[in-house]
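Undergrad: Structure file final.cif (mmCIF, C-alpha atoms) is given on the next line.
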data_coords
#
loop_
_atom_site.label_atom_id
_atom_site.label_comp_id
_atom_site.auth_asym_id
_atom_site.auth_seq_id
_atom_site.Cartn_x
_atom_site.Cartn_y
_atom_site.Cartn_z
CA MET U 22 12.31 -47.97 19.34
CA ASP U 23 9.88 -45.10 19.12
CA GLU U 24 8.72 -43.64 15.83
CA GLY U 25 10.35 -40.24 16.40
CA LEU U 26 13.82 -41.68 16.79
CA ARG U 27 13.29 -43.95 13.82
CA SER U 28 12.26 -41.10 11.51
CA GLU U 29 15.10 -38.96 12.87
CA LEU U 30 17.59 -41.72 12.06
CA SER U 31 16.11 -42.29 8.60
CA LYS U 32 16.65 -38.58 7.82
CA GLN U 33 20.31 -39.16 8.54
CA GLY U 34 20.39 -42.15 6.19
CA VAL U 35 20.24 -44.80 8.92
CA PHE U 36 17.39 -47.20 8.38
CA THR U 37 16.26 -49.25 11.33
CA THR U 38 13.81 -52.09 11.57
CA THR U 39 12.59 -54.61 14.07
CA LEU U 40 12.58 -58.40 14.08
CA GLU U 41 8.79 -58.29 14.04
CA ASP U 42 8.71 -56.07 10.94
CA ILE U 43 11.14 -58.26 9.01
CA TYR U 44 9.31 -61.42 10.04
CA ASN U 45 5.93 -60.05 8.98
CA TRP U 46 7.31 -58.48 5.81
CA GLY U 47 8.70 -61.84 4.76
CA ARG U 48 5.52 -63.70 5.64
CA LYS U 49 3.08 -61.35 3.98
CA ASN U 50 4.97 -61.40 0.70
CA SER U 51 5.28 -65.17 0.45
CA VAL U 52 1.81 -66.49 1.18
CA TRP U 53 1.31 -69.78 -0.63
CA PRO U 54 -2.35 -70.62 -1.21
CA LEU U 55 -3.73 -74.12 -1.23
CA GLN U 56 -4.75 -75.27 -4.71
CA PHE U 57 -8.28 -75.97 -3.78
CA GLY U 58 -11.51 -74.88 -5.42
CA LEU U 59 -15.05 -75.96 -4.65
CA ALA U 60 -17.32 -74.30 -7.20
CA CYS U 61 -17.60 -71.39 -9.63
CA CYS U 62 -15.62 -69.02 -7.38
CA ALA U 63 -12.63 -71.25 -8.10
CA ILE U 64 -12.77 -70.08 -11.72
CA GLU U 65 -12.34 -66.50 -10.52
CA MET U 66 -9.53 -67.67 -8.24
CA ILE U 67 -7.82 -69.27 -11.26
CA ALA U 68 -8.32 -66.07 -13.25
CA THR U 69 -6.74 -64.11 -10.38
CA SER U 70 -3.64 -66.26 -10.49
CA MET U 71 -3.30 -65.95 -14.27
CA ALA U 72 -1.56 -63.24 -16.29
CA ARG U 73 -4.31 -60.60 -16.46
CA TYR U 74 -4.81 -60.17 -12.71
CA ASP U 75 -1.49 -61.74 -11.70
CA LEU U 76 -1.60 -62.71 -8.05
CA ALA U 77 2.17 -63.24 -8.41
CA ARG U 78 2.60 -59.50 -7.86
CA PHE U 79 1.82 -60.21 -4.21
CA GLY U 80 4.09 -63.22 -3.92
CA ALA U 81 1.19 -65.66 -3.85
CA GLU U 82 1.36 -67.36 -7.22
CA VAL U 83 2.64 -70.67 -5.85
CA PHE U 84 -0.58 -72.64 -5.46
CA ARG U 85 0.39 -75.76 -3.54
CA PRO U 86 -1.36 -79.05 -4.22
CA SER U 87 -0.61 -80.29 -0.69
CA PRO U 88 -1.87 -78.74 2.55
CA ARG U 89 1.54 -79.43 4.10
CA GLN U 90 3.09 -76.66 2.02
CA ALA U 91 0.29 -74.10 2.06
CA ASP U 92 -0.25 -71.02 4.25
CA LEU U 93 -3.55 -69.81 2.90
CA MET U 94 -6.80 -71.61 2.23
CA ILE U 95 -9.08 -69.81 -0.20
CA VAL U 96 -12.48 -71.42 0.35
CA ALA U 97 -13.74 -70.73 -3.16
CA GLY U 98 -17.31 -71.89 -3.58
CA THR U 99 -20.28 -73.59 -2.03
CA VAL U 100 -19.37 -75.82 0.88
CA THR U 101 -21.82 -78.69 0.95
CA LYS U 102 -22.29 -80.62 4.14
CA LYS U 103 -20.68 -83.59 2.45
CA MET U 104 -17.58 -81.50 1.66
CA ALA U 105 -17.31 -79.66 4.98
CA PRO U 106 -15.41 -82.43 6.86
CA GLN U 107 -12.86 -82.60 4.06
CA VAL U 108 -12.38 -78.81 4.09
CA VAL U 109 -11.83 -78.79 7.85
CA ARG U 110 -9.47 -81.76 7.63
CA LEU U 111 -7.40 -80.01 4.95
CA TYR U 112 -7.28 -76.90 7.10
CA ASN U 113 -6.13 -78.99 10.05
CA GLN U 114 -3.33 -80.47 7.97
CA MET U 115 -1.93 -77.09 7.03
CA PRO U 116 1.09 -76.00 9.08
CA GLU U 117 0.99 -72.86 11.21
CA PRO U 118 0.78 -69.95 10.54
CA LYS U 119 -2.30 -70.47 8.38
CA TYR U 120 -4.97 -68.13 7.10
CA VAL U 121 -8.37 -68.49 5.49
CA ILE U 122 -10.13 -66.33 2.92
CA ALA U 123 -13.81 -67.22 2.57
CA MET U 124 -14.50 -66.28 -1.03
CA GLY U 125 -18.00 -65.60 -2.27
CA ALA U 126 -21.49 -65.55 -0.88
CA CYS U 127 -21.64 -69.35 -0.49
CA ALA U 128 -18.46 -69.69 1.52
CA ILE U 129 -19.38 -66.88 3.89
CA SER U 130 -23.07 -67.68 4.39
CA GLY U 131 -24.42 -70.35 2.06
CA GLY U 132 -25.31 -67.66 -0.46
CA PRO U 133 -28.07 -68.41 -2.97
CA PHE U 134 -28.14 -72.02 -1.77
CA LYS U 135 -28.63 -71.09 1.88
CA GLN U 136 -32.07 -72.72 1.95
CA GLY U 137 -30.66 -76.00 0.65
CA TYR U 138 -30.72 -78.87 3.10
CA ASN U 139 -27.22 -79.91 2.03
CA VAL U 140 -25.42 -76.57 2.11
CA LEU U 141 -23.26 -75.35 4.97
CA LYS U 142 -24.25 -71.84 6.00
CA GLY U 143 -20.73 -70.46 6.04
CA ILE U 144 -17.37 -72.15 6.53
CA ASP U 145 -16.65 -69.86 9.50
CA ARG U 146 -18.77 -72.26 11.55
CA TYR U 147 -15.84 -74.69 11.61
CA ILE U 148 -12.61 -72.85 10.83
CA PRO U 149 -11.45 -69.35 11.78
CA VAL U 150 -11.86 -67.13 8.71
CA ASP U 151 -9.59 -64.09 8.39
CA VAL U 152 -11.15 -62.31 5.42
CA HIS U 153 -14.70 -62.63 4.07
CA ILE U 154 -15.43 -61.56 0.48
CA PRO U 155 -19.04 -61.11 -0.62
CA GLY U 156 -20.03 -61.53 -4.26
CA CYS U 157 -21.45 -64.21 -6.49
CA PRO U 158 -18.80 -64.83 -7.64
CA PRO U 159 -16.48 -62.01 -6.50
CA ARG U 160 -14.42 -60.56 -9.32
CA PRO U 161 -10.66 -61.14 -9.29
CA GLU U 162 -10.20 -57.56 -8.07
CA ALA U 163 -12.23 -58.47 -5.00
CA LEU U 164 -9.98 -61.45 -4.31
CA LEU U 165 -6.92 -59.23 -4.78
CA HIS U 166 -8.42 -56.76 -2.32
CA ALA U 167 -9.08 -59.58 0.14
CA PHE U 168 -5.51 -60.71 -0.29
CA MET U 169 -4.20 -57.20 0.39
CA THR U 170 -6.43 -57.04 3.46
CA LEU U 171 -4.90 -60.31 4.63
CA GLN U 172 -1.42 -58.91 4.01
CA GLU U 173 -2.30 -55.91 6.19
CA LYS U 174 -3.50 -58.29 8.88
CA ILE U 175 -0.29 -60.33 8.72
CA ASP U 176 1.74 -57.12 8.83
CA GLY U 177 0.00 -56.04 12.01
CA GLN U 178 0.49 -59.29 13.91
CA LYS U 179 2.62 -59.08 17.03
CA LEU U 180 5.61 -61.28 17.71
CA PHE U 181 5.76 -60.70 21.46
CA GLY U 182 3.36 -60.04 24.27
CA PRO U 183 -0.08 -61.32 25.18
CA ASN U 184 -1.57 -60.04 21.90
CA ARG U 185 0.85 -61.98 19.74
CA ALA U 186 -0.41 -63.92 16.73
CA ARG U 187 -2.43 -67.07 17.24
CA HIS U 188 0.19 -69.41 15.80
CA LEU U 189 2.80 -68.17 18.28
CA LYS U 190 0.77 -69.22 21.33
CA ALA U 191 1.33 -72.79 22.42
CA SER U 192 -2.10 -72.92 24.08
CA GLU U 193 -4.07 -72.03 20.94
CA PRO U 194 -5.20 -75.07 18.96
CA SER U 195 -3.94 -75.87 15.47
CA GLU U 196 -6.59 -78.48 14.78
CA PHE U 197 -10.31 -77.85 14.85
CA VAL U 198 -13.13 -80.32 15.34
CA ILE U 199 -14.11 -82.16 12.16
CA PRO U 200 -17.88 -82.49 11.79
CA GLU U 201 -19.40 -85.94 11.33
CA PHE U 202 -22.55 -86.86 9.45
CA GLY U 203 -25.38 -87.04 11.94
CA GLU U 204 -28.96 -88.14 11.52
CA HIS U 205 -30.22 -84.76 10.25
CA ASP U 206 -27.24 -82.42 10.19
CA LEU U 207 -23.53 -82.30 10.74
CA VAL U 208 -22.50 -83.05 14.32
CA PRO U 209 -21.62 -80.64 15.82
CA PRO U 210 -23.56 -78.09 13.72
CA ALA U 211 -20.91 -75.45 14.49
CA ASN U 212 -17.68 -75.08 16.45
CA ARG U 213 -18.85 -72.78 19.23
CA ASN U 214 -15.28 -71.95 20.24
CA ILE U 215 -14.68 -70.00 17.06
CA TRP U 216 -18.18 -69.25 15.74
CA ARG U 217 -19.89 -66.66 17.85
CA PRO U 218 -22.51 -64.88 15.75
CA PRO U 219 -23.99 -61.73 17.22
CA ALA U 220 -27.21 -62.53 19.03
CA LEU U 221 -30.31 -61.17 17.33
CA THR U 222 -32.57 -59.24 19.68
CA ARG U 223 -36.03 -58.45 18.35
CA SER U 224 -38.09 -55.76 19.92
CA GLU U 225 -41.61 -57.07 20.29
CA MET M 6 55.79 -67.33 -0.12
CA SER M 7 54.72 -67.36 3.49
CA ASP M 8 55.28 -70.23 5.86
CA TYR M 9 51.72 -71.39 6.61
CA SER M 10 50.61 -74.77 5.38
CA PRO M 11 48.13 -75.04 2.50
CA ALA M 12 46.21 -77.60 4.58
CA LEU M 13 45.11 -74.72 6.81
CA PHE M 14 43.02 -73.35 3.94
CA LEU M 15 41.31 -76.68 3.54
CA ILE M 16 40.43 -76.82 7.22
CA VAL M 17 39.02 -73.29 7.16
CA PHE M 18 37.04 -73.97 4.00
CA LEU M 19 35.73 -77.24 5.44
CA ALA M 20 34.59 -75.49 8.61
CA ILE M 21 32.77 -72.82 6.59
CA ALA M 22 31.30 -75.42 4.25
CA ILE M 23 29.85 -77.31 7.20
CA ALA M 24 28.67 -74.22 9.07
CA PHE M 25 27.01 -72.59 6.05
CA PRO M 26 24.25 -75.16 5.45
CA PHE M 27 23.77 -75.91 9.14
CA MET M 28 23.37 -72.28 10.19
CA PRO M 29 19.85 -71.80 8.70
CA LEU M 30 18.77 -75.10 10.22
CA ILE M 31 20.06 -74.05 13.64
CA LEU M 32 18.43 -70.63 13.32
CA ALA M 33 15.14 -72.23 12.30
CA ALA M 34 15.29 -74.61 15.26
CA LEU M 35 16.03 -71.70 17.62
CA TRP M 36 13.15 -69.70 16.11
CA ALA M 37 10.80 -72.62 16.65
CA LYS M 38 12.03 -73.03 20.23
CA TYR M 39 11.63 -69.40 21.28
CA PHE M 40 8.79 -68.12 19.12
CA SER M 41 6.73 -70.59 17.14
CA PRO M 42 5.65 -73.70 19.06
CA ALA M 43 5.15 -76.92 17.12
CA LYS M 44 1.55 -78.11 17.16
CA PRO M 45 1.42 -81.67 15.88
CA GLY M 46 -1.75 -83.72 16.09
CA PRO M 47 -3.30 -86.94 14.85
CA ILE M 48 -5.10 -85.24 11.94
CA LYS M 49 -2.14 -83.08 10.98
CA ASN M 50 0.21 -86.05 10.97
CA ALA M 51 -2.17 -88.31 9.04
CA THR M 52 -0.81 -90.07 5.97
CA TYR M 53 -3.33 -88.95 3.40
CA GLU M 54 -3.40 -85.29 2.37
CA CYS M 55 -6.48 -85.06 0.15
CA GLY M 56 -8.96 -84.22 2.88
CA LEU M 57 -10.29 -87.74 3.29
CA ARG M 58 -9.75 -89.87 6.35
CA SER M 59 -6.61 -92.01 6.19
CA GLU M 60 -7.55 -95.67 5.79
CA GLY M 61 -5.19 -98.40 6.94
CA ASP M 62 -1.44 -98.45 6.75
CA ALA M 63 0.81 -96.96 4.08
CA TRP M 64 3.08 -100.04 4.20
CA ILE M 65 0.83 -102.42 2.28
CA GLN M 66 2.27 -105.42 0.39
CA PHE M 67 1.72 -106.50 -3.18
CA LYS M 68 1.67 -110.20 -4.00
CA SER M 69 4.75 -111.16 -5.98
CA ASP M 70 2.51 -113.37 -8.19
CA TYR M 71 1.42 -110.20 -9.88
CA TYR M 72 4.92 -109.93 -11.32
CA LEU M 73 4.48 -113.18 -13.27
CA TYR M 74 1.18 -111.98 -14.68
CA GLY M 75 2.89 -108.76 -15.70
CA ILE M 76 5.64 -110.66 -17.55
CA LEU M 77 3.17 -112.94 -19.35
CA PHE M 78 1.04 -109.99 -20.37
CA LEU M 79 4.06 -108.08 -21.62
CA ILE M 80 5.22 -110.97 -23.84
CA PHE M 81 1.91 -111.21 -25.65
CA ASP M 82 1.55 -107.45 -25.72
CA VAL M 83 4.84 -107.20 -27.62
CA GLU M 84 3.87 -110.15 -29.80
CA ALA M 85 0.78 -108.26 -30.99
CA VAL M 86 3.08 -105.49 -32.28
CA PHE M 87 4.79 -108.05 -34.54
CA MET M 88 1.56 -109.80 -35.52
CA PHE M 89 -0.12 -106.74 -37.07
CA PRO M 90 2.55 -105.99 -39.72
CA PHE M 91 2.85 -109.74 -40.28
CA GLY M 92 -0.87 -109.98 -41.00
CA VAL M 93 -0.83 -106.95 -43.33
CA ALA M 94 2.17 -108.16 -45.36
CA PHE M 95 1.19 -111.83 -45.21
CA LEU M 96 0.57 -112.36 -48.96
CA GLN M 97 3.83 -110.70 -50.05
CA LEU M 98 6.03 -112.67 -47.61
CA PRO M 99 8.30 -115.51 -48.74
CA ALA M 100 7.81 -118.91 -47.15
CA GLY M 101 10.93 -118.49 -44.99
CA ALA M 102 9.49 -115.41 -43.25
CA VAL M 103 6.24 -117.23 -42.52
CA VAL M 104 8.14 -120.14 -41.00
CA ALA M 105 10.25 -117.73 -38.92
CA MET M 106 7.09 -116.02 -37.63
CA LEU M 107 5.50 -119.36 -36.80
CA ILE M 108 8.59 -120.38 -34.82
CA PHE M 109 8.42 -117.05 -32.95
CA VAL M 110 4.76 -117.57 -32.07
CA LEU M 111 5.40 -121.19 -31.17
CA LEU M 112 8.10 -120.18 -28.70
CA LEU M 113 5.73 -117.78 -26.97
CA VAL M 114 2.87 -120.29 -26.91
CA GLU M 115 5.30 -122.83 -25.49
CA GLY M 116 6.07 -120.40 -22.67
CA LEU M 117 2.37 -119.86 -22.01
CA ALA M 118 1.75 -123.62 -21.99
CA TRP M 119 4.62 -124.04 -19.53
CA ALA M 120 3.21 -121.32 -17.25
CA TRP M 121 -0.24 -122.88 -17.49
CA ALA M 122 1.13 -126.32 -16.64
CA LYS M 123 2.94 -124.86 -13.63
CA GLY M 124 -0.41 -123.48 -12.40
CA ILE M 125 0.72 -119.84 -12.50
CA LEU M 126 -2.38 -118.67 -14.32
CA SER M 127 -4.71 -119.52 -11.43
CA TRP M 128 -4.68 -116.66 -8.89
CA LYS M 129 -3.93 -117.86 -5.41
#
Step by step, read the file and then write its structure as structure tokens.

TA:
Amino acid sequence: MDEGLRSELSKQGVFTTTLEDIYNWGRKNSVWPLQFGLACCAIEMIATSMARYDLARFGAEVFRPSPRQADLMIVAGTVTKKMAPQVVRLYNQMPEPKYVIAMGACAISGGPFKQGYNVLKGIDRYIPVDVHIPGCPPRPEALLHAFMTLQEKIDGQKLFGPNRARHLKASEPSEFVIPEFGEHDLVPPANRNIWRPPALTRSE
Amino acid sequence: MSDYSPALFLIVFLAIAIAFPFMPLILAALWAKYFSPAKPGPIKNATYECGLRSEGDAWIQFKSDYYLYGILFLIFDVEAVFMFPFGVAFLQLPAGAVVAMLIFVLLLVEGLAWAWAKGILSWK
């Protein structure tokens, strides 16, 4: 149905919708995050879910203690190399459709601990991140903004066609490779299927 | 009064009562079939859900000997509850109460001696 006909009908008091719109409307307003914090950003995540910032306004107050019941993983804090396999395993155990918010400088890049031998330089090396939030730690407003950005993303996902959402394609994987402890670093150091950083070209 | 049987109502209600809870399940199954493919996997189906690797089987067995230990511990645990007020009020008690308490303790010690003699106290 084209937009012109829809607005014409709505002027006459007939409201139309599509299966895709209803599906996405329901999904974006009932995102259940995984109750999972890694470092100081988790304190801001807790503050966001409490009365002052009230994540419940967006239908996301139900923090689930099991990955089986969660839709959203908020990677809140520094991911050490010791913790990275556990984070990826938890993500793998979440049912589709699942989303990831990388919260804070550490989760998106290693942050102030980037030079540390034991710190992962961004969780997007192993799992597909939907929204990155900078900040050390980001304020609850930043997490709310990230959540609204995620809601916009969910709202725009297609139900049909070749551009449909990832979880609707049978060929797209639901599990991602879990890194193992190697001699010097995690093996593999990054999942090249999902982590494609822009190549740096230096002019000599 | 009309001529239809009241049993007809029951049949209609029964049909609705069965269809009502099954309809969402059927719709969900159809949705999964036509839109959202299931993606199970060895990690996703693992027993443990705390991020760590699942170790061993969930169907482990406890030795039933533990039950006897539990019972013996519980008897003397409860006995301690009686012993404390007994010790506090010891000097004010009449001789009959002291004898009754001694019999109570003797019965428990007898049970312990019996368990010991049976060889229950050594873990096999």

Undergrad: Name the closest residue to Gln107 of chain U among the candidates M:Trp121, M:Tyr53, M:Phe109, M:Phe87; distances are taken between atoms, counting only C-alpha atoms.

TA: M:Tyr53

Undergrad: Name the closest residue to Gln114 of chain U among the candidates U:Glu196, U:Cys157, U:Thr99, U:Cys62; distances are taken between atoms, counting all atoms listed in the file.

TA: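 Between U:Glu196, U:Cys157, U:Thr99, U:Cys62, the residue approaching Gln114 of chain U most closely is U:Glu196.
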
Undergrad: Go through the shown structure with the PyMOL selection byres ((chain U) within 12 of (chain M)) and write out the matching residues as a PyMOL selection string.

TA: chain U and resi 40-41+44+55-57+85-91+103-118+179-182+185-199+201

Undergrad: For Val83 of chain U, which residue out of U:Val100, U:Thr37, U:Asn50, U:Gly125 is the nearest one, using all atoms listed in the file?

TA: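 Ranking U:Val100, U:Thr37, U:Asn50, U:Gly125 by distance to Val83 of chain U, first place goes to U:Asn50.
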
Undergrad: Counting all atoms listed in the file, note down every residue that has an atom within 10 Å of the point (0.5, -113.4, -17.3) (file coordinates), as a compact mmCIF listing (two decimals) with C-alpha atoms, keeping the file's coordinate frame.

TA:
# COMPACT_ATOMS: atom_id res chain seq x y z
CA ASP M 70 2.51 -113.37 -8.19
CA TYR M 71 1.42 -110.20 -9.88
CA TYR M 72 4.92 -109.93 -11.32
CA LEU M 73 4.48 -113.18 -13.27
CA TYR M 74 1.18 -111.98 -14.68
CA GLY M 75 2.89 -108.76 -15.70
CA ILE M 76 5.64 -110.66 -17.55
CA LEU M 77 3.17 -112.94 -19.35
CA PHE M 78 1.04 -109.99 -20.37
CA LEU M 79 4.06 -108.08 -21.62
CA ILE M 80 5.22 -110.97 -23.84
CA PHE M 81 1.91 -111.21 -25.65
CA LEU M 117 2.37 -119.86 -22.01
CA ALA M 120 3.21 -121.32 -17.25
CA TRP M 121 -0.24 -122.88 -17.49
CA ILE M 125 0.72 -119.84 -12.50
CA LEU M 126 -2.38 -118.67 -14.32
CA SER M 127 -4.71 -119.52 -11.43

Undergrad: Check what the PyMOL selection byres ((chain U and resi 46) around 12) selects in the file above and give those residues as an mmCIF file with C-alpha atoms, in the coordinates of the input.

TA:
data_model
loop_
_atom_site.group_PDB
_atom_site.id
_atom_site.type_symbol
_atom_site.label_atom_id
_atom_site.label_comp_id
_atom_site.auth_asym_id
_atom_site.auth_seq_id
_atom_site.Cartn_x
_atom_site.Cartn_y
_atom_site.Cartn_z
ATOM 1 C CA THR U 38 13.810 -52.090 11.570
ATOM 2 C CA THR U 39 12.590 -54.610 14.070
ATOM 3 C CA LEU U 40 12.580 -58.400 14.080
ATOM 4 C CA GLU U 41 8.790 -58.290 14.040
ATOM 5 C CA ASP U 42 8.710 -56.070 10.940
ATOM 6 C CA ILE U 43 11.140 -58.260 9.010
ATOM 7 C CA TYR U 44 9.310 -61.420 10.040
ATOM 8 C CA ASN U 45 5.930 -60.050 8.980
ATOM 9 C CA GLY U 47 8.700 -61.840 4.760
ATOM 10 C CA ARG U 48 5.520 -63.700 5.640
ATOM 11 C CA LYS U 49 3.080 -61.350 3.980
ATOM 12 C CA ASN U 50 4.970 -61.400 0.700
ATOM 13 C CA SER U 51 5.280 -65.170 0.450
ATOM 14 C CA VAL U 52 1.810 -66.490 1.180
ATOM 15 C CA PHE U 79 1.820 -60.210 -4.210
ATOM 16 C CA GLY U 80 4.090 -63.220 -3.920
ATOM 17 C CA GLN U 172 -1.420 -58.910 4.010
ATOM 18 C CA GLU U 173 -2.300 -55.910 6.190
ATOM 19 C CA LYS U 174 -3.500 -58.290 8.880
ATOM 20 C CA ILE U 175 -0.290 -60.330 8.720
ATOM 21 C CA ASP U 176 1.740 -57.120 8.830
ATOM 22 C CA GLY U 177 0.000 -56.040 12.010
ATOM 23 C CA GLN U 178 0.490 -59.290 13.910
#

Undergrad: Taking the file above as input, evaluate the PyMOL selection byres ((chain U and resi 67-75) around 9) and report the hits as a VMD selection string.

TA: chain U and resid 58 62 to 66 76 to 79 81 to 84 160 to 162 164 to 165

Undergrad: To one decimal in Å, tell me the separation between atom CA of Pro218 of chain U and atom CA of Asp92 of chain U.

TA: 25.8 Å

Undergrad: Could you tell me how far atom CA of Leu93 of chain U lies from atom CA of Trp53 of chain U, in Å and to one decimal?

TA: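 The value is 6.0 Å.
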
Undergrad: Could you state the separation of atom CA of Asp145 of chain U and atom CA of Leu59 of chain U in Å, given to one decimal place?

TA: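 Going from atom CA of Asp145 of chain U over to atom CA of Leu59 of chain U, I get 15.5 Å.
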
Undergrad: Which of these residues is nearest to Pro149 of chain U, using all atoms listed in the file: U:Val96, U:Val121, U:Leu171, U:Ala211?

TA: U:Val121

Undergrad: Can you tell me, as an MDAnalysis selection string, what residues are no more than 12 Å from Pro133 of chain U when counting only C-alpha atoms, ignoring any on the same chain fewer than 4 positions away?

TA: chainID U and resid 98:99 125:129 137 140:143 155:158

Undergrad: My list of candidates is U:His153, U:Arg217, U:Lys102, U:His166. Which is closest to Asn139 of chain U when distances are computed with all atoms listed in the file?

TA: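 Among the listed residues, the smallest separation from Asn139 of chain U belongs to U:Lys102.
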